[in-house]
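To keep things clear, I will list the structure first and then write my remarks on it.
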Amino acid sequence: MKAIRELVESCLGKSMKSASPLSGGDIAEVIKILLTTGLEVVVKRSRPGTVSTTRIEARMLEYLAQESALPVPKVLHVDDQNLLLEFIAGAGPINTGVEANAADHIARLHGVTGNHFGFDEDTVIGPLRQPNPPATSWCAFFRDQRLLFMAEIALKANRLDRATFDRIQRFAGELGNFIDEPEAPALLHGDLWGGNVIANNGKVAAFIDPAIYFGHPEMDLAFATLFGSFGDSFFRAYNEQRPIEPGFFEVRRGIYNLWPLLVHVRLFGGDYLAQVKSILSRLGY
């Protein structure tokens, strides 16, 4: 804790009064700091022996703050091992009001467009690298840099069996039969589930832990259905601003959720692999 105190006081020029751990510290140690001034900040500190993601997380948050209106925590300091952020208080659950407000924010985020799919550097999703080489084809980008990339990583880590990998490869070879190109590459949050939304009194106070890149807006929408994160109120509000094309819920939602599910297969295995197999079966593979 001495190192944390020295870091906070040297970076902010204010004395630390107390510190308490926060949840969500699988990748890094997450600590809420109360300063003697009454201000609260968050320190994310890379765990020993892990690959630090502090600088890329800071880059993603700063990019969202500069290029969009999405509410995100302000970056106060970053170095190779530490990230200091403003603390955003949460109060209350993700109810229908929060869902509608989140939809408004995400619809506006998707209105920020780029010249190509990907990003100007690789980002991360959780602790895993998320490759973002520039591409002009969404189908090719999703196939190569999301679906096949993570399947290969999971296979090498012995989290994915060869038979399922082969099924993914067969499906990937015919991906163009299932998905279309969007009007333009849209800026995505990239890890849009309830655990990354801080709600406060019926509104979204902040979105945290992004995994940004420019892609198809339906990637965020599909992710939002995982883990029971968002329901009808979110999708009705989003659809009023950016109409959702037919077939998303029936077919493409499952296709795009293969990406986060494969991320979870690589990290945790277990039931996530069964979900991947189920989606492939529904698609006829």
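Chain labels run A, B, ... following the order of the structure tokens; each chain numbers its residues from 1, and ligands are numbered from 1 in the order shown.
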Query raised in the report: So which bits of stretch 133-247 of chain A end up strand (DSSP E or B) when you DSSP the backbone, as a PyMOL selection string?
Result: chain A and resi 135+186-188+197-200+203-207+213-215
Interface rows for stretch 108-142 of chain A against stretch 205-219 of chain A: nearest pair, Å to one decimal, 8 Å, only C-alpha atoms, as a Markdown table:
```
| residue | atom | partner | partner_atom | distance |
| --- | --- | --- | --- | --- |
| A:His110 | CA | A:Pro217 | CA | 6.2 |
| A:Thr113 | CA | A:Phe214 | CA | 7.3 |
| A:Gly114 | CA | A:Phe214 | CA | 6.5 |
| A:His116 | CA | A:Phe214 | CA | 7.1 |
| A:Phe117 | CA | A:Phe214 | CA | 4.9 |
| A:Gly118 | CA | A:Phe214 | CA | 5.0 |
| A:Phe119 | CA | A:Tyr213 | CA | 5.1 |
| A:Thr123 | CA | A:Ala211 | CA | 6.3 |
| A:Val124 | CA | A:Ala211 | CA | 5.7 |
| A:Ile125 | CA | A:Ala211 | CA | 5.1 |
| A:Gly126 | CA | A:Ala211 | CA | 7.9 |
| A:Gln130 | CA | A:Ala211 | CA | 7.9 |
| A:Asn132 | CA | A:Tyr213 | CA | 7.1 |
| A:Trp138 | CA | A:Gly215 | CA | 6.9 |
```
Any chance you can output those residues with N, CA and C atoms as a compact mmCIF listing (two decimals), in the first residue's frame?
```txt
# COMPACT_ATOMS: atom_id res chain seq x y z
N HIS A 110 -22.18 5.01 -32.31
CA HIS A 110 -22.13 4.35 -33.61
C HIS A 110 -22.24 5.34 -34.76
N THR A 113 -17.89 7.54 -37.31
CA THR A 113 -17.43 6.58 -38.32
C THR A 113 -15.97 6.81 -38.70
N GLY A 114 -15.37 5.77 -39.24
CA GLY A 114 -13.98 5.82 -39.66
C GLY A 114 -13.83 5.48 -41.13
N HIS A 116 -11.87 2.99 -42.23
CA HIS A 116 -11.64 1.56 -42.41
C HIS A 116 -12.02 0.82 -41.14
N PHE A 117 -12.17 -0.48 -41.27
CA PHE A 117 -12.42 -1.32 -40.10
C PHE A 117 -11.11 -1.57 -39.38
N GLY A 118 -11.20 -1.75 -38.06
CA GLY A 118 -10.01 -1.91 -37.24
C GLY A 118 -9.73 -0.64 -36.46
N PHE A 119 -8.47 -0.37 -36.23
CA PHE A 119 -8.06 0.81 -35.47
C PHE A 119 -6.62 1.10 -35.82
N THR A 123 -5.86 -3.23 -29.87
CA THR A 123 -6.40 -2.93 -28.55
C THR A 123 -6.48 -4.24 -27.76
N VAL A 124 -7.22 -4.25 -26.68
CA VAL A 124 -7.35 -5.47 -25.88
C VAL A 124 -8.81 -5.67 -25.51
N ILE A 125 -9.18 -6.93 -25.31
CA ILE A 125 -10.46 -7.26 -24.72
C ILE A 125 -10.13 -8.12 -23.51
N GLY A 126 -10.37 -7.59 -22.33
CA GLY A 126 -9.87 -8.23 -21.13
C GLY A 126 -8.35 -8.21 -21.19
N GLN A 130 -6.38 -7.73 -29.15
CA GLN A 130 -7.45 -7.63 -30.12
C GLN A 130 -6.86 -6.98 -31.38
N ASN A 132 -6.18 -5.24 -34.89
CA ASN A 132 -6.97 -4.25 -35.61
C ASN A 132 -6.32 -3.75 -36.89
N TRP A 138 -15.73 -5.58 -44.09
CA TRP A 138 -16.12 -6.00 -42.76
C TRP A 138 -16.14 -7.52 -42.65
```
Enumerate, in order of chain and increasing residue number, the residues of stretch 175-245 of chain A with an atom no farther than 9 Å from stretch 84-93 of chain A, each with its shortest atom pair and distance in Å to one decimal, counting only C-alpha atoms, as CSV.
```
residue,atom,partner,partner_atom,distance
A:Ile198,CA,A:Gly90,CA,5.4
A:Ala199,CA,A:Gly90,CA,5.3
A:Asn200,CA,A:Ala91,CA,4.4
A:Asn201,CA,A:Ala91,CA,5.9
A:Gly202,CA,A:Gly92,CA,7.3
A:Val204,CA,A:Gly90,CA,8.9
A:Ala205,CA,A:Ile88,CA,6.9
A:Ala206,CA,A:Ile88,CA,6.9
```
With 9 Å as the cut-off and only C-alpha atoms counted, what is the closest atom pair between each nearby residue of stretch 148-235 of chain A and stretch 276-282 of chain A? Distances in Å to one decimal, ordered by chain and number, as a tab-separated table.
```
residue	atom	partner	partner_atom	distance
A:Thr164	CA	A:Lys277	CA	7.0
A:Arg167	CA	A:Leu280	CA	7.4
A:Ile168	CA	A:Leu280	CA	7.5
A:Phe171	CA	A:Leu280	CA	7.8
```
Got time to write the residues from that selection, N, CA and C atoms, as an mmCIF file, in the first residue's frame?
```cif
data_model
loop_
_atom_site.group_PDB
_atom_site.id
_atom_site.type_symbol
_atom_site.label_atom_id
_atom_site.label_comp_id
_atom_site.auth_asym_id
_atom_site.auth_seq_id
_atom_site.Cartn_x
_atom_site.Cartn_y
_atom_site.Cartn_z
ATOM 1 N N THR A 164 -14.318 -28.726 -33.109
ATOM 2 C CA THR A 164 -15.066 -27.459 -33.102
ATOM 3 C C THR A 164 -14.319 -26.402 -33.894
ATOM 4 N N ARG A 167 -15.158 -26.868 -37.431
ATOM 5 C CA ARG A 167 -16.505 -26.369 -37.721
ATOM 6 C C ARG A 167 -16.486 -24.852 -37.898
ATOM 7 N N ILE A 168 -15.734 -24.164 -37.047
ATOM 8 C CA ILE A 168 -15.621 -22.704 -37.161
ATOM 9 C C ILE A 168 -14.969 -22.330 -38.486
ATOM 10 N N PHE A 171 -17.509 -22.704 -41.289
ATOM 11 C CA PHE A 171 -18.457 -21.595 -41.256
ATOM 12 C C PHE A 171 -17.804 -20.306 -41.741
#
```
Query raised in the report: Counting only C-alpha atoms, which of A:His105, A:Arg5, A:Arg242, A:Arg59 gets nearest to A:Val78?
Result: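 Smallest distance to A:Val78 is found for A:Arg59.
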**Report entry** Nearest to A:Ala65 by atom-to-atom distance, counting only C-alpha atoms, from A:Asn196, A:Leu109, A:Glu9, A:Thr96
**Finding:**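 Result for the nearest residue to A:Ala65: A:Leu109.
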Query raised in the report: So which residues touch A:His264 within 10 Å, counting only C-alpha atoms, skipping near sequence neighbours fewer than 4 positions away, as a list in words?
Result: Gly126, Met150, Ala154, Arg159, Leu258, Trp259, Pro260, Phe268, Gly269, Gly270, Asp271, Tyr272 and Leu273 of chain A
Query raised in the report: To one decimal place, how far is atom CA of A:Lys14 from atom CA of A:Thr36 in Å?
Result: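 Those two atoms sit 7.3 Å apart.
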**Report entry** Shell around stretch 228-235 of chain A at 9 Å using only C-alpha atoms, local window under 3 positions removed, as a ChimeraX atom specification
**Finding:** /A:94-104,192-195,221,223-225,238-240,244
Okay, now the selection with C-alpha atoms, as a PDB file, in the first residue's frame?
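Contents of again.pdb, freshly written:
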```pdb
ATOM      1  CA  ILE A  94     -29.697  -1.288 -14.746  1.00  0.00           C
ATOM      2  CA  ASN A  95     -33.432  -0.721 -15.094  1.00  0.00           C
ATOM      3  CA  THR A  96     -35.500   0.200 -18.141  1.00  0.00           C
ATOM      4  CA  GLY A  97     -34.558   3.855 -17.802  1.00  0.00           C
ATOM      5  CA  VAL A  98     -30.862   3.030 -17.740  1.00  0.00           C
ATOM      6  CA  GLU A  99     -31.315   0.748 -20.744  1.00  0.00           C
ATOM      7  CA  ALA A 100     -32.987   3.499 -22.780  1.00  0.00           C
ATOM      8  CA  ASN A 101     -30.305   5.995 -21.787  1.00  0.00           C
ATOM      9  CA  ALA A 102     -27.567   3.492 -22.657  1.00  0.00           C
ATOM     10  CA  ALA A 103     -29.172   2.962 -26.063  1.00  0.00           C
ATOM     11  CA  ASP A 104     -29.088   6.703 -26.724  1.00  0.00           C
ATOM     12  CA  LEU A 192     -20.743  -3.870 -24.053  1.00  0.00           C
ATOM     13  CA  TRP A 193     -22.251  -5.844 -21.189  1.00  0.00           C
ATOM     14  CA  GLY A 194     -23.895  -4.828 -17.925  1.00  0.00           C
ATOM     15  CA  GLY A 195     -20.733  -5.171 -15.854  1.00  0.00           C
ATOM     16  CA  LEU A 221     -25.765  -4.943 -30.076  1.00  0.00           C
ATOM     17  CA  PHE A 223     -22.681  -8.303 -27.068  1.00  0.00           C
ATOM     18  CA  ALA A 224     -25.409  -6.399 -25.196  1.00  0.00           C
ATOM     19  CA  THR A 225     -27.616  -9.511 -25.249  1.00  0.00           C
ATOM     20  CA  TYR A 238     -31.742   2.116 -30.121  1.00  0.00           C
ATOM     21  CA  ASN A 239     -34.005   1.123 -33.013  1.00  0.00           C
ATOM     22  CA  GLU A 240     -35.747   4.499 -32.889  1.00  0.00           C
ATOM     23  CA  ILE A 244     -31.911  -2.586 -36.675  1.00  0.00           C
TER      24      ILE A 244
END
```
Query - Contacts of A:Ala28 within 10 Å, only C-alpha atoms, excl. fewer than 2 positions in-chain, as a PyMOL selection string - result: chain A and resi 24-26+30-31+43-48+50-54+81-83+127
Go ahead and write the residues just picked, N, CA and C atoms, as a PDB file, in the first residue's frame.
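In the end it all went to part-v7.pdb:
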```
ATOM      1  N   GLY A  24     -13.808  -6.713  -9.837  1.00  0.00           N
ATOM      2  CA  GLY A  24     -13.378  -6.620 -11.221  1.00  0.00           C
ATOM      3  C   GLY A  24     -11.880  -6.632 -11.387  1.00  0.00           C
ATOM      4  N   GLY A  25     -11.171  -7.136 -10.377  1.00  0.00           N
ATOM      5  CA  GLY A  25      -9.724  -7.106 -10.423  1.00  0.00           C
ATOM      6  C   GLY A  25      -9.087  -8.392 -10.917  1.00  0.00           C
ATOM      7  N   ASP A  26      -9.683  -9.047 -11.921  1.00  0.00           N
ATOM      8  CA  ASP A  26      -9.109 -10.284 -12.444  1.00  0.00           C
ATOM      9  C   ASP A  26      -7.816 -10.022 -13.204  1.00  0.00           C
ATOM     10  N   VAL A  30      -7.596  -3.460  -8.517  1.00  0.00           N
ATOM     11  CA  VAL A  30      -8.401  -2.241  -8.642  1.00  0.00           C
ATOM     12  C   VAL A  30      -8.710  -1.717  -7.243  1.00  0.00           C
ATOM     13  N   ILE A  31      -8.315  -0.485  -6.990  1.00  0.00           N
ATOM     14  CA  ILE A  31      -8.416   0.082  -5.646  1.00  0.00           C
ATOM     15  C   ILE A  31      -9.062   1.460  -5.709  1.00  0.00           C
ATOM     16  N   VAL A  43      -7.355   3.410  -8.754  1.00  0.00           N
ATOM     17  CA  VAL A  43      -6.056   2.960  -9.241  1.00  0.00           C
ATOM     18  C   VAL A  43      -6.211   1.546  -9.784  1.00  0.00           C
ATOM     19  N   LYS A  44      -5.806   1.348 -11.037  1.00  0.00           N
ATOM     20  CA  LYS A  44      -5.727   0.007 -11.609  1.00  0.00           C
ATOM     21  C   LYS A  44      -4.249  -0.314 -11.766  1.00  0.00           C
ATOM     22  N   ARG A  45      -3.812  -1.355 -11.093  1.00  0.00           N
ATOM     23  CA  ARG A  45      -2.387  -1.685 -11.015  1.00  0.00           C
ATOM     24  C   ARG A  45      -2.177  -3.097 -11.562  1.00  0.00           C
ATOM     25  N   SER A  46      -1.343  -3.215 -12.579  1.00  0.00           N
ATOM     26  CA  SER A  46      -1.103  -4.524 -13.189  1.00  0.00           C
ATOM     27  C   SER A  46      -0.547  -5.500 -12.176  1.00  0.00           C
ATOM     28  N   ARG A  47      -1.044  -6.733 -12.225  1.00  0.00           N
ATOM     29  CA  ARG A  47      -0.562  -7.755 -11.303  1.00  0.00           C
ATOM     30  C   ARG A  47       0.805  -8.275 -11.765  1.00  0.00           C
ATOM     31  N   PRO A  48       1.684  -8.614 -10.832  1.00  0.00           N
ATOM     32  CA  PRO A  48       2.997  -9.152 -11.200  1.00  0.00           C
ATOM     33  C   PRO A  48       2.871 -10.386 -12.081  1.00  0.00           C
ATOM     34  N   THR A  50       1.881 -10.500 -15.176  1.00  0.00           N
ATOM     35  CA  THR A  50       0.903 -10.349 -16.252  1.00  0.00           C
ATOM     36  C   THR A  50       1.368  -9.280 -17.229  1.00  0.00           C
ATOM     37  N   VAL A  51       0.828  -9.338 -18.431  1.00  0.00           N
ATOM     38  CA  VAL A  51       1.119  -8.311 -19.425  1.00  0.00           C
ATOM     39  C   VAL A  51       0.268  -7.083 -19.110  1.00  0.00           C
ATOM     40  N   SER A  52       0.915  -5.961 -18.905  1.00  0.00           N
ATOM     41  CA  SER A  52       0.188  -4.758 -18.529  1.00  0.00           C
ATOM     42  C   SER A  52      -0.636  -4.219 -19.701  1.00  0.00           C
ATOM     43  N   THR A  53      -1.869  -3.818 -19.397  1.00  0.00           N
ATOM     44  CA  THR A  53      -2.733  -3.211 -20.415  1.00  0.00           C
ATOM     45  C   THR A  53      -3.077  -1.760 -20.060  1.00  0.00           C
ATOM     46  N   THR A  54      -2.344  -1.189 -19.103  1.00  0.00           N
ATOM     47  CA  THR A  54      -2.710   0.146 -18.619  1.00  0.00           C
ATOM     48  C   THR A  54      -2.650   1.207 -19.709  1.00  0.00           C
ATOM     49  N   GLN A  81       2.638   0.380 -15.474  1.00  0.00           N
ATOM     50  CA  GLN A  81       1.998  -0.540 -14.530  1.00  0.00           C
ATOM     51  C   GLN A  81       0.742   0.004 -13.882  1.00  0.00           C
ATOM     52  N   ASN A  82       0.513   1.302 -13.962  1.00  0.00           N
ATOM     53  CA  ASN A  82      -0.570   1.930 -13.205  1.00  0.00           C
ATOM     54  C   ASN A  82      -1.449   2.818 -14.083  1.00  0.00           C
ATOM     55  N   LEU A  83      -2.725   2.825 -13.736  1.00  0.00           N
ATOM     56  CA  LEU A  83      -3.695   3.708 -14.379  1.00  0.00           C
ATOM     57  C   LEU A  83      -4.540   4.349 -13.293  1.00  0.00           C
ATOM     58  N   PRO A 127      -7.714  -9.363 -20.939  1.00  0.00           N
ATOM     59  CA  PRO A 127      -6.256  -9.426 -20.999  1.00  0.00           C
ATOM     60  C   PRO A 127      -5.715  -9.822 -22.370  1.00  0.00           C
TER      61      PRO A 127
END
```
Report task. May I ask for the distance between atom CA of A:Ala140 and atom CA of A:Ala172, given in Å to one decimal place? Result -> 9.4 Å
